[in-house]
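Single-structure report; data block below.
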Protein chains: 6
Amino acid sequence: MKKYNLPTLRAFTVTIHDSHVAEICLNRPEAINSMNNDFWRELPAIVNKLDMDGTIRVIILSSTGKHFTAGMDLEIFDSMDDDKDLEPARSAEKKRRWILTLQDAFTALERARMPVISAVQGACIGGGVDMVCATDMRFCTSNAFFNIKETELGITADVGTLQRIENVMPSGLARELAYTSRDLDATEAKRCGFINKVFDSQDEMLTEVRKLAATIAKHSPMAVNGVKEMLNYSREHTVTESLNYMATWQAGMFQAPDVKEALSAAKEKRTANYDGLRPL
Amino acid sequence: MKKYNLPTLRAFTVTIHDSHVAEICLNRPEAINSMNNDFWRELPAIVNKLDMDGTIRVIILSSTGKHFTAGMDLEIFDSMDDDKDLEPARSAEKKRRWILTLQDAFTALERARMPVISAVQGACIGGGVDMVCATDMRFCTSNAFFNIKETELGITADVGTLQRIENVMPSGLARELAYTSRDLDATEAKRCGFINKVFDSQDEMLTEVRKLAATIAKHSPMAVNGVKEMLNYSREHTVTESLNYMATWQAGMFQAPDVKEALSAAKEKRTANYDGLRPL
Amino acid sequence: MKKYNLPTLRAFTVTIHDSHVAEICLNRPEAINSMNNDFWRELPAIVNKLDMDGTIRVIILSSTGKHFTAGMDLEIFDSMDDDKDLEPARSAEKKRRWILTLQDAFTALERARMPVISAVQGACIGGGVDMVCATDMRFCTSNAFFNIKETELGITADVGTLQRIENVMPSGLARELAYTSRDLDATEAKRCGFINKVFDSQDEMLTEVRKLAATIAKHSPMAVNGVKEMLNYSREHTVTESLNYMATWQAGMFQAPDVKEALSAAKEKRTANYDGLRPL
Amino acid sequence: MKKYNLPTLRAFTVTIHDSHVAEICLNRPEAINSMNNDFWRELPAIVNKLDMDGTIRVIILSSTGKHFTAGMDLEIFDSMDDDKDLEPARSAEKKRRWILTLQDAFTALERARMPVISAVQGACIGGGVDMVCATDMRFCTSNAFFNIKETELGITADVGTLQRIENVMPSGLARELAYTSRDLDATEAKRCGFINKVFDSQDEMLTEVRKLAATIAKHSPMAVNGVKEMLNYSREHTVTESLNYMATWQAGMFQAPDVKEALSAAKEKRTANYDGLRPL
Amino acid sequence: MKKYNLPTLRAFTVTIHDSHVAEICLNRPEAINSMNNDFWRELPAIVNKLDMDGTIRVIILSSTGKHFTAGMDLEIFDSMDDDKDLEPARSAEKKRRWILTLQDAFTALERARMPVISAVQGACIGGGVDMVCATDMRFCTSNAFFNIKETELGITADVGTLQRIENVMPSGLARELAYTSRDLDATEAKRCGFINKVFDSQDEMLTEVRKLAATIAKHSPMAVNGVKEMLNYSREHTVTESLNYMATWQAGMFQAPDVKEALSAAKEKRTANYDGLRPL
Amino acid sequence: MKKYNLPTLRAFTVTIHDSHVAEICLNRPEAINSMNNDFWRELPAIVNKLDMDGTIRVIILSSTGKHFTAGMDLEIFDSMDDDKDLEPARSAEKKRRWILTLQDAFTALERARMPVISAVQGACIGGGVDMVCATDMRFCTSNAFFNIKETELGITADVGTLQRIENVMPSGLARELAYTSRDLDATEAKRCGFINKVFDSQDEMLTEVRKLAATIAKHSPMAVNGVKEMLNYSREHTVTESLNYMATWQAGMFQAPDVKEALSAAKEKRTANYDGLRPL
């Protein structure tokens, strides 16, 4: 396990496990891991670097301290006040571009070539919900809870929650949470399918999530990458179009050597040994 | 609490609660609240008026008597028989237009600027399922049940159930209900995510649903309106398109005064006081 | 009950029950019902014939032996090796066409005019998951389990699982199964909505599934056909487009004689007697 | 020929020709037919009434005086200034709703069940271009010209030009016109396909356009209505979807009696005599 | 040049030129090549066989006698009258399926792996327009004309004209033709882009069209097939989606050996010699 | 007029005219401006910088020497040969990513906030056609010609031509060009709408194109930016969706101060003076 070579991270730490698994950890517990300017600048840079590397096969998104994150840091809103004197239309265009940029930070998780797993302890508030909705799977501790706080603050949540939440939990519940800003606790989150599994403690959770990640990382990264590409694509296209895309993808990406290695490894009762993805 | 000033309602009563919550109540218990011509004429008129008003922030859809509704009234089918002597193609075009008009009555619930909550007691049959599928959230009593009766009557349900049901419950269950016309009871309806919560009695349900509605109505109506717009939009567009629409919307709709009021109210431990929506 | 007149089936048997229900049964238990060349050739031919017949109103997909299916037979991969000497681009085009053909075998289940119900005992592996995802409803025994084996074999599943699975179970769980190749047991499969009901034994399952199928087959086949067409259409279109399609469909397909028969039968407390679909 | 019975029109006259053709004529030549509040209120009301009537088979949109229209009347912008004191977000929402309402006035032309033909003399400026883009066909006099004036006025044209213009002329030319606000003269408008035919004088144009309209009105109005529905639908759907919609439409709308009448009339060398559309 | 081995063609002849070009020729001049039952049965069978063959690189669609085709043969309508006694809903469903089948005959031209060129002499009426709209390019003689006759016959054209025509000529003209059933002559057809080139005689046209086809057939059939796939795909997807599909396609289909052969042939000033497509 | 401060450009020069117009000029005439590695690296960097600047309102894309561009430089294909030893699936994935990157260089032209005008002299071959298809308008000299050379080279054109060309010229002609690799000369290019205007010499063309650009640059850059956003959006969405997006956009972007300035300037017969776009 080694720390990853990224220029002076302030909002995160990044750890590369021996298993080809990278763990991105929110690291400002003293501020309840609120999403400040550092956060927004560093997150997409980290994900982009891990995606280009070629050796990373799974990303875990975890946090430190009692709570996963308090959501947007107030300094963000302050920085928006700079444009007070702008002509209103140009100010609106600035706001639009600024929101698009924040959204991109979370969309990077969705676009990365490898699965992203979030592991939530304690509170996951506001922007935190936007963020975990953009990951492939969510795990949490029994004391975790989720809150679409924006509505209570007079804001329509704008960095991804409302665009993704009905894909990851039933519509009726999603609407209740978004309209009321009430907490969703771990039990209900598990029952409704938003959370894959609940753990008694953060330690147990991280141990198990890393095991899960290592299991995925043992599979052919080409096969896993294809799975993510296809699931994301199929969410937004007809079945007919998605099947055609699958066949066209597979025409070039079918991994004869990986299949051979999988079969040999199975026969020889050993772990398969696959090449990494190509560095970008 | 005051009755709403609408010209001679026959199928409904409308009550405006002090909380900026309007309650539309089916009011023909003697006919099991079946959907007759009055029903179809009055519902869209009521919803349209509430939507234009600007002071209404949540709509509750409730009913009277033992059952929520028996669905389509037979007088509707009779009125369709008027065209017996029409040339077949012109008769078909008339049927198409007539179905589009009925569908619009329920789509009005989906298009209204505020959340719509349905509160179901007893039986919710045929057209009743079409209707509650078009609301944001569904609550019911423990003796409630739902039935896509149309199939048993030799008809493909045509006013919204089949177009919305896989958005609000798992596909496999939805198909079983639609193919068999079997009852879905309250317990299963809750477990599958179709119903948000089950209550022991109608009284308890209405008390709690009105509280929930009041909670939503305390939030900024601009923020809540934005949430509904975005959830509906995202259901039918790619994530990328939905994020872009969100950012473009927010460029004009971001509610600086509402956010300030939310923060002040929180600091001063009082209820926030927001302007209503603009009358249309 | 009679055997269906199809030319020498080797991978399946087909039984026509008195109830207008056809049962397609995988019949190579000695090979764990693996999907060999016979399987891929016979399945679409059977479904097509049943679809054209006009008297068949429901299809059941069942299997024999301890396990439902082991998935793709290795002889399929062997046959793909024939193109070793082809120029790579032409080999890729061949692979693409071949996958499109396999996919079509399962899409035939989705396109057939009548509901298709799968009844799974024991293991349902790899291609088996692709197949049951293309059916309307899934039932299983308590010892059944499902596995997206392809990932573990170094392959991105390519005949339908990834294109349909997020329509039939929660996204987070679907991704865990697809990334890890872990088993999904019957209990979890029921809880997440993938399976409609779990039975203690295959006998009990088949008895109950046949009863369910017979119930559906008693309804107007025009109404049931319309339900399937609309649910499939609505999955891939906006609500507005789906409502318009429904109204246009209904303009021609509304079944006055069937509705009359349904009402008479109800009044006379007898089973309704509907014409079949038109043979194609 | 009779004037149409509509309550006190101020911006238009409406004439019903004997040929089942209605002519809507802009009638404020003293104000260069600018689009004032009367215009916006009356246009959709007229179109809606003609559409519901059932006897009208073609609509002509013409104008009086030297120029077709000067576009938006300044009184419209003044009325927008009323909201100066509104909270900015609510003001933005008001603006959005107001634009949607203006757009709907032109979309009514596109949605009407019969073809709409515009006949342009002299200048067609700003909103005039938005309007004629929403009609099925455009004819003009040799001294006509078209100008997307909004850009020069510091505004992005917002009532339909930019949403429809690349459907009715080549992209490169459309962009030049929209970016520069330069005039498009009749000759170039004809050459690029925007205009169907150019006439020497308004009299000649109106004579010929009325003849053309009468020719269309002699055909089965069900067939003509189907043509418009299909051309509009196909513009926005894949060929596969459009073919399916066509077949589903035709299942109910195929006009056996109209075909018989067409064949008899041809044999008997007389004009066919079709029923009108059904009143709405 | 050899005649193609197809079982007893009655409505067509098929000739295979030495140039890898197949020519499908309508061959019932005594009946003005009207589209009878033979026509509809044979056309898709021929196209399918040529598509599977692997050696055919371009298809020409030509005709014999004075006129290209008179469109639908009346025997087709007669055969539709068989269902007079069917229950109306089942009759409508039959009509829908029957139209879908006719449409498929022309869609086969669009789906074939090689370009299809139509060469029209004299009249091209009704179904003839539907057919040539489904081909890649259209050429004609100076005495050719095109007519969407269906409207005049009381029918909404239903086998492809309305679904494709705005892709191949300006919207305004297309609507005039479809609403009026007037002739489009060769000159106007060329000017509006519907026709690629007009020739003085059928002989000259066929000579030149065969030369053009031979030129295309000299290029790599993999490259040409990719061009057709991409142009068809791009017509119905966003630019972003189409670019992604292109890149995914190219990942497998990029033709290193073909490029090398193209460069060598150019250097050696000889015709390149490419492998055919793979037989299906 | 000043040279733009960009780090050592090798394939281009960039000039900023006094009119807020930037001119990007291909500058390797000795190599017929072929698209080498420098080209692909520099183009998106330049466009991005101009887009962020805020003062640039129009971009002109011109070239030097006898010909506009010879298309892809052979060194690009050589660099693709590096992956000879890669496992085929990973090589295919590399190829896919590489093509996506090349495509992005041209898409940058389409995404930039200001119009892009191309001015073509002499030959515009292969990648040159891909490039100019991504610009808003195309102008050329009378000796210019365009050629989709890729097909003749055994390649399916893959960086944008096939995805955009049917948006900018008639389908039948586009297919002829793409299938045959024949030249499209200036006259035909103008007649078919691909080219806005043809000039006798490059000097005359550049003088006129710069005047045109200056005219556009005199308009409100917010209005012009909105026009481009809407035209691009409308190409890929239904009219209904595009109108809704327009209204939502306008809610925030309506430029009251720009309109006032436009009106004042018109009254005072002077050039309007607008703020630039906001720097990104």
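By order in the structure tokens, chains are A, B, ...; within a chain, residues start at 1; ligands start at 1, following the order shown.
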
Report the residues of region 116-238 of chain F whose backbone DSSP state falls under alpha helix (DSSP H), written as a PDB file with C-alpha atoms, in the first residue's frame.
ATOM      1  CA  GLY F 127      -9.971  15.490 -42.691  1.00  0.00           C
ATOM      2  CA  GLY F 128     -10.528  18.947 -44.149  1.00  0.00           C
ATOM      3  CA  VAL F 129     -14.126  18.040 -44.952  1.00  0.00           C
ATOM      4  CA  ASP F 130     -14.586  16.657 -41.424  1.00  0.00           C
ATOM      5  CA  MET F 131     -13.314  19.973 -40.103  1.00  0.00           C
ATOM      6  CA  VAL F 132     -15.385  22.413 -42.156  1.00  0.00           C
ATOM      7  CA  CYS F 133     -18.544  20.366 -41.497  1.00  0.00           C
ATOM      8  CA  THR F 161     -17.802  14.066 -41.901  1.00  0.00           C
ATOM      9  CA  LEU F 162     -20.300  11.218 -41.873  1.00  0.00           C
ATOM     10  CA  GLN F 163     -21.824  12.429 -38.604  1.00  0.00           C
ATOM     11  CA  ARG F 164     -22.513  15.950 -39.833  1.00  0.00           C
ATOM     12  CA  ILE F 165     -22.660  16.058 -43.637  1.00  0.00           C
ATOM     13  CA  GLU F 166     -26.351  15.303 -44.110  1.00  0.00           C
ATOM     14  CA  ASN F 167     -27.032  18.335 -41.899  1.00  0.00           C
ATOM     15  CA  VAL F 168     -25.239  20.572 -44.402  1.00  0.00           C
ATOM     16  CA  SER F 171     -28.642  13.362 -48.503  1.00  0.00           C
ATOM     17  CA  GLY F 172     -28.385  11.953 -52.039  1.00  0.00           C
ATOM     18  CA  LEU F 173     -25.402  14.117 -52.962  1.00  0.00           C
ATOM     19  CA  ALA F 174     -23.687  13.485 -49.621  1.00  0.00           C
ATOM     20  CA  ARG F 175     -23.906   9.750 -50.197  1.00  0.00           C
ATOM     21  CA  GLU F 176     -22.578  10.007 -53.746  1.00  0.00           C
ATOM     22  CA  LEU F 177     -19.561  11.949 -52.491  1.00  0.00           C
ATOM     23  CA  ALA F 178     -18.911   9.589 -49.595  1.00  0.00           C
ATOM     24  CA  TYR F 179     -19.280   6.396 -51.618  1.00  0.00           C
ATOM     25  CA  THR F 180     -17.266   7.522 -54.650  1.00  0.00           C
ATOM     26  CA  ALA F 186     -17.316  25.182 -55.845  1.00  0.00           C
ATOM     27  CA  THR F 187     -20.289  25.678 -58.137  1.00  0.00           C
ATOM     28  CA  GLU F 188     -22.062  22.528 -57.074  1.00  0.00           C
ATOM     29  CA  ALA F 189     -21.099  23.142 -53.448  1.00  0.00           C
ATOM     30  CA  LYS F 190     -22.806  26.518 -53.593  1.00  0.00           C
ATOM     31  CA  ARG F 191     -25.880  25.231 -55.389  1.00  0.00           C
ATOM     32  CA  GLN F 202      -8.687  34.063 -51.847  1.00  0.00           C
ATOM     33  CA  ASP F 203      -7.985  37.753 -51.246  1.00  0.00           C
ATOM     34  CA  GLU F 204     -11.515  38.733 -52.092  1.00  0.00           C
ATOM     35  CA  MET F 205     -12.866  35.882 -49.997  1.00  0.00           C
ATOM     36  CA  LEU F 206     -10.852  36.828 -46.931  1.00  0.00           C
ATOM     37  CA  THR F 207     -11.775  40.499 -47.256  1.00  0.00           C
ATOM     38  CA  GLU F 208     -15.467  39.664 -47.468  1.00  0.00           C
ATOM     39  CA  VAL F 209     -15.435  36.979 -44.792  1.00  0.00           C
ATOM     40  CA  ARG F 210     -13.674  39.336 -42.392  1.00  0.00           C
ATOM     41  CA  LYS F 211     -16.337  41.970 -43.110  1.00  0.00           C
ATOM     42  CA  LEU F 212     -19.069  39.442 -42.454  1.00  0.00           C
ATOM     43  CA  ALA F 213     -17.372  38.395 -39.219  1.00  0.00           C
ATOM     44  CA  ALA F 214     -17.058  42.007 -38.167  1.00  0.00           C
ATOM     45  CA  THR F 215     -20.782  42.528 -38.787  1.00  0.00           C
ATOM     46  CA  ILE F 216     -21.604  39.616 -36.504  1.00  0.00           C
ATOM     47  CA  ALA F 217     -19.108  40.850 -33.921  1.00  0.00           C
ATOM     48  CA  PRO F 221     -22.244  38.586 -28.033  1.00  0.00           C
ATOM     49  CA  MET F 222     -24.833  37.265 -25.553  1.00  0.00           C
ATOM     50  CA  ALA F 223     -27.480  37.262 -28.305  1.00  0.00           C
ATOM     51  CA  VAL F 224     -25.128  35.638 -30.827  1.00  0.00           C
ATOM     52  CA  ASN F 225     -24.014  33.027 -28.303  1.00  0.00           C
ATOM     53  CA  GLY F 226     -27.675  32.219 -27.620  1.00  0.00           C
ATOM     54  CA  VAL F 227     -28.324  31.801 -31.347  1.00  0.00           C
ATOM     55  CA  LYS F 228     -25.506  29.254 -31.685  1.00  0.00           C
ATOM     56  CA  GLU F 229     -26.562  27.371 -28.544  1.00  0.00           C
ATOM     57  CA  MET F 230     -30.158  27.150 -29.796  1.00  0.00           C
ATOM     58  CA  LEU F 231     -29.360  26.139 -33.391  1.00  0.00           C
ATOM     59  CA  ASN F 232     -27.057  23.382 -32.171  1.00  0.00           C
ATOM     60  CA  TYR F 233     -29.573  22.237 -29.556  1.00  0.00           C
ATOM     61  CA  SER F 234     -32.538  22.264 -31.958  1.00  0.00           C
ATOM     62  CA  ARG F 235     -30.709  20.093 -34.481  1.00  0.00           C
TER      63      ARG F 235
END

Contacts of Arg111 (chain D) at 10 Å or less, counting only C-alpha atoms, minus same-chain residues fewer than 4 places along, as a JSON list (two decimals) with N, CA and C atoms, in the first residue's frame?
[["chain", "number", "residue", "atom", "x", "y", "z"],
["D", 47, "VAL", "N", -57.12, 29.89, -34.53],
["D", 47, "VAL", "CA", -56.66, 28.59, -35.03],
["D", 47, "VAL", "C", -57.39, 27.46, -34.32],
["D", 48, "ASN", "N", -57.54, 27.62, -33.03],
["D", 48, "ASN", "CA", -58.22, 26.59, -32.24],
["D", 48, "ASN", "C", -59.66, 26.41, -32.73],
["D", 51, "ASP", "N", -59.74, 24.71, -36.05],
["D", 51, "ASP", "CA", -59.35, 23.32, -35.92],
["D", 51, "ASP", "C", -60.51, 22.47, -35.39],
["D", 104, "ASP", "N", -46.51, 29.07, -27.94],
["D", 104, "ASP", "CA", -47.69, 28.23, -28.17],
["D", 104, "ASP", "C", -48.59, 28.80, -29.26],
["D", 106, "PHE", "N", -47.76, 30.11, -32.03],
["D", 106, "PHE", "CA", -47.30, 29.65, -33.35],
["D", 106, "PHE", "C", -47.37, 28.12, -33.46],
["D", 107, "THR", "N", -47.09, 27.45, -32.36],
["D", 107, "THR", "CA", -47.16, 25.98, -32.38],
["D", 107, "THR", "C", -48.58, 25.53, -32.71],
["D", 115, "PRO", "N", -53.38, 21.51, -43.20],
["D", 115, "PRO", "CA", -52.19, 22.25, -43.64],
["D", 115, "PRO", "C", -52.39, 23.75, -43.46],
["D", 116, "VAL", "N", -51.31, 24.46, -43.17],
["D", 116, "VAL", "CA", -51.33, 25.91, -43.07],
["D", 116, "VAL", "C", -50.31, 26.45, -44.07],
["D", 134, "ALA", "N", -43.41, 28.01, -38.75],
["D", 134, "ALA", "CA", -44.32, 27.04, -38.15],
["D", 134, "ALA", "C", -45.45, 26.62, -39.08],
["D", 135, "THR", "N", -45.44, 27.16, -40.32],
["D", 135, "THR", "CA", -46.47, 26.75, -41.28],
["D", 135, "THR", "C", -45.91, 25.67, -42.20],
["D", 228, "LYS", "N", -50.17, 15.23, -42.56],
["D", 228, "LYS", "CA", -49.56, 16.23, -41.69],
["D", 228, "LYS", "C", -49.05, 15.60, -40.40],
["D", 229, "GLU", "N", -49.89, 14.75, -39.80],
["D", 229, "GLU", "CA", -49.48, 14.06, -38.56],
["D", 229, "GLU", "C", -48.18, 13.28, -38.79],
["D", 232, "ASN", "N", -44.99, 15.60, -39.49],
["D", 232, "ASN", "CA", -44.53, 16.21, -38.24],
["D", 232, "ASN", "C", -43.89, 15.18, -37.32]]

*Where does DSSP see strand (DSSP E) in region 30-278 of chain E, if you list the residues as number ranges by chain?*
E: 58-63, 116-120, 123-125, 137-141, 145-147, 184-185, 197-199

Keeping C-alpha atoms, export the residues of the selection given above as a JSON list (two decimals), in the first residue's frame.
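Final output, saved to again-v9.json:
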[["chain", "number", "residue", "atom", "x", "y", "z"],
["E", 58, "VAL", "CA", -23.57, -2.12, -54.96],
["E", 59, "ILE", "CA", -27.22, -2.65, -55.92],
["E", 60, "ILE", "CA", -28.95, -0.82, -58.78],
["E", 61, "LEU", "CA", -32.74, -0.68, -58.80],
["E", 62, "SER", "CA", -34.02, -0.16, -62.36],
["E", 63, "SER", "CA", -37.16, -0.86, -64.35],
["E", 116, "VAL", "CA", -28.57, 1.04, -53.35],
["E", 117, "ILE", "CA", -29.02, 3.35, -56.35],
["E", 118, "SER", "CA", -32.36, 3.83, -58.09],
["E", 119, "ALA", "CA", -32.58, 4.70, -61.79],
["E", 120, "VAL", "CA", -36.01, 5.99, -62.74],
["E", 123, "ALA", "CA", -43.59, 7.71, -64.11],
["E", 124, "CYS", "CA", -42.74, 6.83, -60.54],
["E", 125, "ILE", "CA", -46.08, 6.80, -58.74],
["E", 137, "MET", "CA", -29.29, 7.90, -54.33],
["E", 138, "ARG", "CA", -31.79, 8.56, -57.07],
["E", 139, "PHE", "CA", -31.10, 9.19, -60.79],
["E", 140, "CYS", "CA", -33.70, 9.74, -63.49],
["E", 141, "THR", "CA", -34.39, 10.49, -67.14],
["E", 145, "PHE", "CA", -41.81, 12.39, -62.83],
["E", 146, "PHE", "CA", -42.77, 11.51, -59.27],
["E", 147, "ASN", "CA", -46.21, 11.57, -57.68],
["E", 184, "LEU", "CA", -42.65, 16.53, -59.52],
["E", 185, "ASP", "CA", -40.79, 16.66, -62.82],
["E", 197, "LYS", "CA", -28.51, 13.74, -61.95],
["E", 198, "VAL", "CA", -30.90, 13.77, -64.92],
["E", 199, "PHE", "CA", -30.13, 11.94, -68.18]]

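The space between CA of Cys192 (chain C) and CA of Pro170 (chain B) spans 8.5 Å.
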
Can you write out as JSON lines which residues of chain D fall within 12 Å of chain A, alongside each residue's closest atom pair and its distance in Å to one decimal, counting only C-alpha atoms and ordering rows by chain and ascending residue number?
{"residue": "D:Pro88", "atom": "CA", "partner": "A:Pro88", "partner_atom": "CA", "distance": 9.5}
{"residue": "D:Ala89", "atom": "CA", "partner": "A:Ala92", "partner_atom": "CA", "distance": 11.0}
{"residue": "D:Ala92", "atom": "CA", "partner": "A:Ala92", "partner_atom": "CA", "distance": 10.7}
{"residue": "D:Gly154", "atom": "CA", "partner": "A:Ala89", "partner_atom": "CA", "distance": 11.7}
{"residue": "D:Ile155", "atom": "CA", "partner": "A:Ala89", "partner_atom": "CA", "distance": 11.3}
{"residue": "D:Thr238", "atom": "CA", "partner": "A:Glu241", "partner_atom": "CA", "distance": 11.6}
{"residue": "D:Thr240", "atom": "CA", "partner": "A:Thr240", "partner_atom": "CA", "distance": 11.3}
{"residue": "D:Glu241", "atom": "CA", "partner": "A:Thr238", "partner_atom": "CA", "distance": 11.6}

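Residue nearest Met169 (chain D), chosen from D:Phe39, D:Phe12, D:Phe194, D:Tyr245 and counting only C-alpha atoms: D:Phe194.
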